[in-house]
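> Got a structure here, written out as structure tokens. Questions coming.
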Amino acid sequence: MISLCLLSCDKEDDTDEDNNNNNNNQSSEAMVNFRFKFDPDQARTNNIGQAAGIPEGHAAQSPEFNSISAHYIELAPTAFTQLGEGQVLYTGAETDEGGDTAVDFDEANVVAEDELFFSIPVSQIAAGNYEWLRVSLSYQNYSIDFKALGLDLEGTIASFIAYNTYIRSHRIDQDELTVNDNRLQGYWAFETQYQTISGQAPAGATTVPNPLFNSAPIPSGSCVVTGAFANPLQISGNETEDINVEISLSTNNSFEWVDNNGNDIYEPLDDEAVVDMGIRGMIPSF
């Protein structure tokens with residue numbers, strides 16, 4: 001009797017396991033996955049998506065990016081789709097803890113290049129053709145070269161480029177700063193082996209490329225970067241395999257400063273003011 005009981009239990013367990021495996025297989029579905037790429041050779045554009053050189057009296061370098069985060073992802077069917085009227089796939093956490101509504105940095109997903117940032121089932125996206133991608137970038141962390149006291153040095157910058165961000169504390173490289181307040185677009189912190197400082201860039205100083213500035217403008221102070229797919233992203237709803245979207249960001253001379261002595265070397269102790277830390281273009285592909 002004991003033997004029969006054990007045999008019966010084993011059969012039931014095996015059956016339950018098979019059923020669970022079948023359910024898992026049936027519940028799996030195609031996903032749309034988003035990852036970032038940093039490209040120093042991609043075209044350098046301005047706020048309206050046109051090719052942009054470096055102004056006379058300025059210098060720039062292509063930073064070595066460590067990580068990035070975004071607050072918003074939207075697929076837009078056409079060039080006339082207004083902000084928010086496409087398929088909004090992702091909106092990050094916000095908080096009123098600092099007074100005005102702001103991105104909650106503690107809840108931000110900060111990722112490195114090629115690391116999965118966001119994934120959504122295809123079934124949650126309306127079927128159709130999408131020509132454009134909008135991504136509201138919120139945070140970037142990168143390393144730059146500079147010179148001080150005759151020494152060639154390297155430092156790390158944490159740059160907050162969302163419309164407004166509530167920051168309790170944040171780590172730049174090794175150092176961590178406590179803020180416990182809101183910071184508008186353009187707040188930055190710069191860590192070197194000697195010290196860590198922070199500051200605020202002037203309003204409107206961050207480049208936010210939007211080639212659709214005439215047909216679909218974005219609010220001032222936001223960081224909604226817009227880019228076109230080479231071929232429309234087609235969603236049928238019947239996909240059986242994942243769609244992997246690569247968000248290629250132009251870091252081509254994206255760190256720009258006033259070059260007082262014309263030597264193309266950033267020298268912060270010589271009053272060489274940073275004028276731009278914005279991404280210089282976006283090309284999505286899949």
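Within each chain, counting starts at residue 1; across the structure tokens, chains are named A, B, ... in the order shown, with ligands numbered 1 upward in that order.
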Determine which residues of region 88-271 of chain A DSSP labels as helix (DSSP H, G or I) from the backbone of this structure, then write them out as a list of chain:residue names.

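Everything in region 88-271 of chain A that counts as helix (DSSP H, G or I) is A:Phe105, A:Asp106, A:Glu107, A:Val122, A:Ser123, A:Gln124, A:Pro268, A:Leu269, A:Asp270.
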
> Write to file, as a PDB file, in the first residue's frame, the residues of the selection just made, with C-alpha atoms.


ATOM      1  CA  PHE A 105      16.004  59.616  -9.076  1.00  0.00           C
ATOM      2  CA  ASP A 106      15.944  56.860  -6.457  1.00  0.00           C
ATOM      3  CA  GLU A 107      13.543  54.931  -8.706  1.00  0.00           C
ATOM      4  CA  VAL A 122       4.166  43.322 -27.951  1.00  0.00           C
ATOM      5  CA  SER A 123       0.538  42.692 -27.003  1.00  0.00           C
ATOM      6  CA  GLN A 124       0.531  45.966 -25.048  1.00  0.00           C
ATOM      7  CA  PRO A 268      38.315  74.508 -15.522  1.00  0.00           C
ATOM      8  CA  LEU A 269      40.741  76.400 -13.256  1.00  0.00           C
ATOM      9  CA  ASP A 270      41.270  78.899 -16.088  1.00  0.00           C
TER      10      ASP A 270
END

> Sort by chain and increasing residue number a table of all residues of region 221-246 of chain A within 10 Å of region 39-49 of chain A, each with its closest pair of atoms and their distance in Å to one decimal, counting only C-alpha atoms, and write it as a tab-separated table.


residue	atom	partner	partner_atom	distance
A:Val225	CA	A:Asn47	CA	9.0
A:Thr226	CA	A:Gly49	CA	8.6
A:Gly227	CA	A:Gly49	CA	8.8

> Output N, CA and C atoms of each residue in that selection to a file, as a PDB file, in the first residue's frame.


ATOM      1  N   VAL A 225      14.303  63.651 -26.620  1.00  0.00           N
ATOM      2  CA  VAL A 225      15.063  63.539 -27.856  1.00  0.00           C
ATOM      3  C   VAL A 225      14.255  62.712 -28.852  1.00  0.00           C
ATOM      4  N   THR A 226      14.249  63.156 -30.122  1.00  0.00           N
ATOM      5  CA  THR A 226      13.442  62.514 -31.154  1.00  0.00           C
ATOM      6  C   THR A 226      14.341  61.965 -32.257  1.00  0.00           C
ATOM      7  N   GLY A 227      14.046  60.751 -32.720  1.00  0.00           N
ATOM      8  CA  GLY A 227      14.825  60.154 -33.796  1.00  0.00           C
ATOM      9  C   GLY A 227      13.958  59.297 -34.687  1.00  0.00           C
TER      10      GLY A 227
END

> At what distance in Å, to one decimal, does CA of Asp114 (chain A) lie from CA of Arg168 (chain A)?

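Between CA of Arg168 (chain A) and CA of Asp114 (chain A) the gap is 27.3 Å.
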
> Could you produce a table of the residues of region 235-270 of chain A lying within 9 Å of region 135-145 of chain A, with the nearest pair of atoms per residue and their separation in Å rounded to one decimal, using only C-alpha atoms, ordered by chain and increasing residue number, as a Markdown table?


| residue | atom | partner | partner_atom | distance |
| --- | --- | --- | --- | --- |
| A:Ile247 | CA | A:Val135 | CA | 8.9 |
| A:Phe255 | CA | A:Ile144 | CA | 8.3 |
| A:Ile265 | CA | A:Asp145 | CA | 8.0 |
| A:Tyr266 | CA | A:Asp145 | CA | 7.2 |

> From the set A:Ala216, A:Val88, A:Val224, A:Ala203, which residue has the shortest atom-to-atom contact distance to Arg183 (chain A), counting only C-alpha atoms?

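Counting only C-alpha atoms, the residue closest to Arg183 (chain A) is A:Ala203.
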
> When distances are computed from only C-alpha atoms, which of A:Gln50, A:Thr192, A:Ser198, A:Ser28 shows the smallest separation from Asn210 (chain A)?

A:Gln50

> Could you tell me which of A:Glu113, A:Glu241, A:Glu94, A:Glu191 comes closest to Ser159 (chain A) if we count only C-alpha atoms?

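Comparing A:Glu113, A:Glu241, A:Glu94, A:Glu191 against Ser159 (chain A), the winner is A:Glu191.
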
> Counting only C-alpha atoms, which of A:Pro63, A:Pro121, A:Gly155, A:Pro55 gets nearest to Glu267 (chain A)?

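Of all the options, A:Gly155 lies closest to Glu267 (chain A).
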
> From the list A:Ala79, A:Leu212, A:Ala205, A:Leu153, which residue is nearest Val274 (chain A) when using only C-alpha atoms?

A:Ala205

> Pick the closest to Thr178 (chain A) from A:Asp96, A:Leu116, A:Ala108, A:Tyr166: which is it, counting only C-alpha atoms?

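Residue with the minimum atom-to-atom distance to Thr178 (chain A): A:Tyr166.
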
> Could you pull out all residues of region 124-267 of chain A with a DSSP call of strand (DSSP E) and give them as number ranges by chain?

A: 128-148, 151-160, 164-171, 176-184, 187-191, 196-200, 224-235, 243-250, 255-258
